[in-house]
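**Q** Sharing a structure below in structure tokens format, with a few things to ask.
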Amino acid sequence: MKSILAFLIFLTLGLSGLQAQTQSPSSKIKQKYFFIFLDGDKVRYFLNKEEEGEPIKNTLFPLSGTYSNIFMKWLNPLKYTIDFKDTVGVDPRDQVIKDYIAALQQQHGAAAATVATKSGSSGDGYGKTGGNNLKGEPIVTPVEIISFRNQRLVQLYTSLRINQDKFSESERKEINRFGGILEELDAISAKVNMAARLDNIFTSLYGIQDPKEVQPATNAFRIELNNATSTYDENEKLQFLVKREMKALTIAATEEKTRITETVDEFLLQVNSTLTSNRTLQAKVPPILELMDNSVKTPSKEQPGYYQVKAVSFDEGQTLKKTLTITGREYKADTKSFADTKELAKTNFRFERYDPFGISVSTGIFYGSTTLKGFGVSNTNNEFTVTQDDIEKGNFVTAAFLNFTFNAGSRYLLPFFQLGIDPTKKRPFLMAGGGFRIPSSKFALSAGPLWTWDQKLNKLTVGQKVTSTSDLEKDIKYEFDPSPKGWYLGFQYNF
């Protein structure tokens with residue numbers, strides 16, 4: 001068996017269905033975190049120092065594992081919408097290897113509140129103490145005019161004071177007692193003006209620039225909301241009390257009782273409307289407070305002012321692409337809400353598990369000259385005899401190579417290991433070698449041994465007589481010979 005010298009001339013064509021080179025960076029991120037910040041219309045990242053921040057442009061982050069955390073310099077979530085969208089895919093290095101093996105097997109068979117103003121006067125000059133009612137009884141207890149905020153109640157009690165001679169002493173006392181309850185409800189109904197407070201709360205939060213101010217502000221506003229809720233509960237209790245006392249109110253003058261009933265019913269409707277409006281508006285606040293609190297929930301221990309915005313997690317054999325979009329927001333006072341305005345920045349992060357080897361597939365041709373064992377038949381006097389022959393094989397053969405490049409970080413010299421096979425059905429060449437590539441010039445040199453399949457006789461032996469050549473063809477089998485048949489030398493351009 002002769003030694004082999006094979007010259008490998010690569011055509012650098014992509015195999016059908018196989019991916020081209022998918023190289024990992026030469027350095028891995030050992031930390032379980034990295035940092036990003038918005039710089040104008042760009043998003044920059046760094047590992048240790050902010051001043052070293054580099055722009056993210058579909059940047060690949062090779063992680064030491066399959067988990068990491070993204071910390072971002074704090075942005076007020078009411079001013080900015082930070083949105084991440086995940087796309088999980090198969091690691092292209094795994095896919096290249098799977099596709100390569102699949103190709104070989106195929107080839108070789110193997111997720112609004114109303115605000116009332118306070119009015120009224122205690123000195124009106126009407127019905128002073130003294131005088132008599134219509135029955136001639138002295139007026140000892142006059143109807144009091146109360147300083148209601150509600151104008152209809154002011155008008156009601158002014159009218160009752162003017163016409164107090166229509167009431168008995170006990171009725172006037174009852175009217176005054178009932179007025180005290182109405183005054184309390186009137187006051188507590190005006191105590192909370194959530195429409196005005198909402199503007200103040202939202203604009204205050206919107207204006208925060210220092211993340212340290214977030215929690216003191218949200219805590220203060222929560223206390224205010226709790227107090228408002230207590231006021232609403234007291235309001236409801238007083239409404240119930242007013243309704244009960246109004247039913248129990250005994251007034252002989254029918255027209256005055258009707259006036260009281262109609263006015264108080266109207267007042268209760270307004271009170272309830274204000275209460276409902278306040279509660280509806282207040283319901284907008286807790287989600288905003290939670291949004292603010294969440295934005296400072298997980299601070300970085302290494303970088304003050306940076307907070308976790310996203311966790312990175314993917315399975316072995318997968319890659320993860322995160323698309324980050326940052327959009328500006330504004331507060332709309334008319335709807336008491338926040339709305340996105342325009343997109344400020346958009347970029348992609350790509351994550352994979354770091355591996356010291358980059359994977360690539362290439363195809364080409366090589367020329368080999370070797371001697372292989374074969375069998376035939378000789379014909380002597382019409383008798384066929386099995387013979388053994390040495391087959392000189394020397395021709396150009398197409399081959400596919402799977403390359404494993406060690407990422408040493410150099411632009412001038414990278415070592416690699418490669419496996420190759422040609423598409424011959426019965427006796428393909430297998431190659432396993434190594435070499436060096438020069439990334440800056442896209443040139444590579446490789447060398448290694450060759451293997452192939454040998455013909456073997458199953459039942460027949462050399463020198464045995466057969467009736468025809470078909471007997472030999474049926475008996476021949478192919479077995480892989482673990483002994484190298486020689487060596488190949490490869491030159492590759494545009495690797």
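All residue names refer to the structure tokens as shown: chains lettered A, B, ... in order, residues numbered from 1 in each chain, ligands numbered from 1 in order.
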Mind checking DSSP for range 313-449 of chain A and telling me the strand (DSSP E) residues as a ChimeraX atom specification?
**A** /A:313,318-332,337-353,357-380,383-406,414-421,430-438,443-449
**Q** Just the residues within 6 Å of Gly328 in chain A, please, counting only C-alpha atoms, with nothing from its chain fewer than 5 positions along; format it as a PDB file with C-alpha atoms, in the first residue's frame.
**A**
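Generated output (part_5.pdb):
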ATOM      1  CA  LYS A  79     -41.042  58.872  30.828  1.00  0.00           C
ATOM      2  CA  TYR A  80     -39.734  55.795  29.037  1.00  0.00           C
ATOM      3  CA  ASP A 340     -46.083  56.535  24.265  1.00  0.00           C
ATOM      4  CA  THR A 341     -44.793  59.259  21.961  1.00  0.00           C
ATOM      5  CA  LYS A 342     -41.914  58.181  19.727  1.00  0.00           C
TER       6      LYS A 342
END
**Q** Just the number, please: distance in Å from CA of Asn193 in chain A to CA of Arg177 in chain A, one decimal.
**A**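 It comes out at 27.2 Å.
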**Q** Taking only C-alpha atoms into account, which of A:Phe240, A:Phe384, A:Tyr206, A:Tyr100 comes nearest Asn76 in chain A?
**A**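 Going through A:Phe240, A:Phe384, A:Tyr206, A:Tyr100 one by one, the smallest distance to Asn76 in chain A is for A:Tyr206.
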**Q** Using DSSP on the backbone coordinates, identify all residues within range 118-321 of chain A classified as helix (DSSP H, G or I); present the result as number ranges by chain.
**A** A: 151-162, 164-166, 169-189, 194-206, 211-248, 254-282, 285-295
**Q** Per residue of range 286-323 of chain A within 9 Å of range 53-67 of chain A, record the nearest atom pair and its distance in Å to one decimal, counting only C-alpha atoms, with rows in chain order and ascending residue number, as JSON lines.
**A**
{"residue": "A:Ala311", "atom": "CA", "partner": "A:Tyr67", "partner_atom": "CA", "distance": 7.5}
{"residue": "A:Val312", "atom": "CA", "partner": "A:Tyr67", "partner_atom": "CA", "distance": 5.3}
{"residue": "A:Ser313", "atom": "CA", "partner": "A:Tyr67", "partner_atom": "CA", "distance": 4.6}
{"residue": "A:Phe314", "atom": "CA", "partner": "A:Thr66", "partner_atom": "CA", "distance": 5.6}
{"residue": "A:Asp315", "atom": "CA", "partner": "A:Thr66", "partner_atom": "CA", "distance": 6.5}
{"residue": "A:Glu316", "atom": "CA", "partner": "A:Thr66", "partner_atom": "CA", "distance": 7.0}
{"residue": "A:Gln318", "atom": "CA", "partner": "A:Thr66", "partner_atom": "CA", "distance": 8.9}
{"residue": "A:Lys321", "atom": "CA", "partner": "A:Asn58", "partner_atom": "CA", "distance": 8.8}
{"residue": "A:Thr323", "atom": "CA", "partner": "A:Asn58", "partner_atom": "CA", "distance": 9.0}
**Q** Could you work out how far CA of Phe34 in chain A lies from CA of Ala345 in chain A, giving the answer in Å with one decimal?
**A** 18.8 Å
**Q** Would you pick out the contacts of Glu290 in chain A at 12 Å or less, using only C-alpha atoms, so that residues sharing its chain but fewer than 4 positions from it are not included, and give the list as an NGL selection string?
**A** :A and (77-78 or 205 or 214-215 or 217-219 or 221-222 or 284-286 or 294-297)
**Q** How about saving the chosen residues, N, CA and C atoms kept, as a tab-separated table (two decimals), in the first residue's frame?
**A**
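Saved file result.tsv follows:
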chain	number	residue	atom	x	y	z
A	77	PRO	N	-39.80	55.14	34.53
A	77	PRO	CA	-40.71	54.35	33.70
A	77	PRO	C	-41.94	55.11	33.23
A	78	LEU	N	-42.19	56.29	33.82
A	78	LEU	CA	-43.30	57.11	33.34
A	78	LEU	C	-42.88	57.96	32.14
A	205	LEU	N	-44.42	62.34	40.20
A	205	LEU	CA	-43.69	61.11	39.87
A	205	LEU	C	-43.00	61.22	38.52
A	214	VAL	N	-37.65	57.72	44.52
A	214	VAL	CA	-38.85	56.97	44.12
A	214	VAL	C	-39.62	56.44	45.33
A	215	GLN	N	-38.97	55.64	46.17
A	215	GLN	CA	-39.70	55.00	47.26
A	215	GLN	C	-40.24	55.98	48.30
A	217	ALA	N	-41.34	58.90	47.70
A	217	ALA	CA	-42.51	59.51	47.07
A	217	ALA	C	-43.68	58.54	47.01
A	218	THR	N	-43.43	57.30	46.60
A	218	THR	CA	-44.53	56.33	46.50
A	218	THR	C	-45.10	55.99	47.87
A	219	ASN	N	-44.23	55.93	48.89
A	219	ASN	CA	-44.73	55.66	50.25
A	219	ASN	C	-45.65	56.78	50.73
A	221	PHE	N	-47.41	58.83	48.89
A	221	PHE	CA	-48.67	58.82	48.15
A	221	PHE	C	-49.56	57.65	48.57
A	222	ARG	N	-48.97	56.54	48.96
A	222	ARG	CA	-49.78	55.41	49.44
A	222	ARG	C	-50.48	55.78	50.75
A	284	LYS	N	-56.43	54.52	39.33
A	284	LYS	CA	-55.35	54.68	38.37
A	284	LYS	C	-53.98	54.77	39.04
A	285	VAL	N	-53.97	55.08	40.32
A	285	VAL	CA	-52.70	55.38	40.98
A	285	VAL	C	-51.90	54.14	41.39
A	286	PRO	N	-52.48	53.12	42.05
A	286	PRO	CA	-51.66	51.99	42.49
A	286	PRO	C	-50.81	51.33	41.41
A	294	ASN	N	-41.20	48.97	41.14
A	294	ASN	CA	-40.53	47.87	40.45
A	294	ASN	C	-39.29	48.33	39.70
A	295	SER	N	-39.29	49.59	39.28
A	295	SER	CA	-38.14	50.10	38.52
A	295	SER	C	-36.89	50.22	39.39
A	296	VAL	N	-37.05	50.24	40.71
A	296	VAL	CA	-35.90	50.34	41.61
A	296	VAL	C	-35.86	49.14	42.57
A	297	LYS	N	-36.53	48.07	42.18
A	297	LYS	CA	-36.68	46.92	43.07
A	297	LYS	C	-35.37	46.16	43.25
**Q** Can you list, as an MDAnalysis selection string, every protein, DNA or RNA residue that comes within 7 Å of range 474-477 of chain A when you count only C-alpha atoms, leaving out same-chain residues fewer than 5 positions away?
**A** chainID A and resid 455:460
**Q** List the spatial neighbours of Val90 in chain A as an MDAnalysis selection string - criterion: any atom at most 9 Å away, only C-alpha atoms, same-chain residues fewer than 4 positions off excluded.
**A** chainID A and resid 94:95 317:320
**Q** I want to know what sits within 12 Å of Ser230 in chain A, based on only C-alpha atoms, with residues of the same chain fewer than 2 positions away left out; could you give that as a PyMOL selection string?
**A** chain A and resi 188-189+191-192+223-228+232-237+275+279
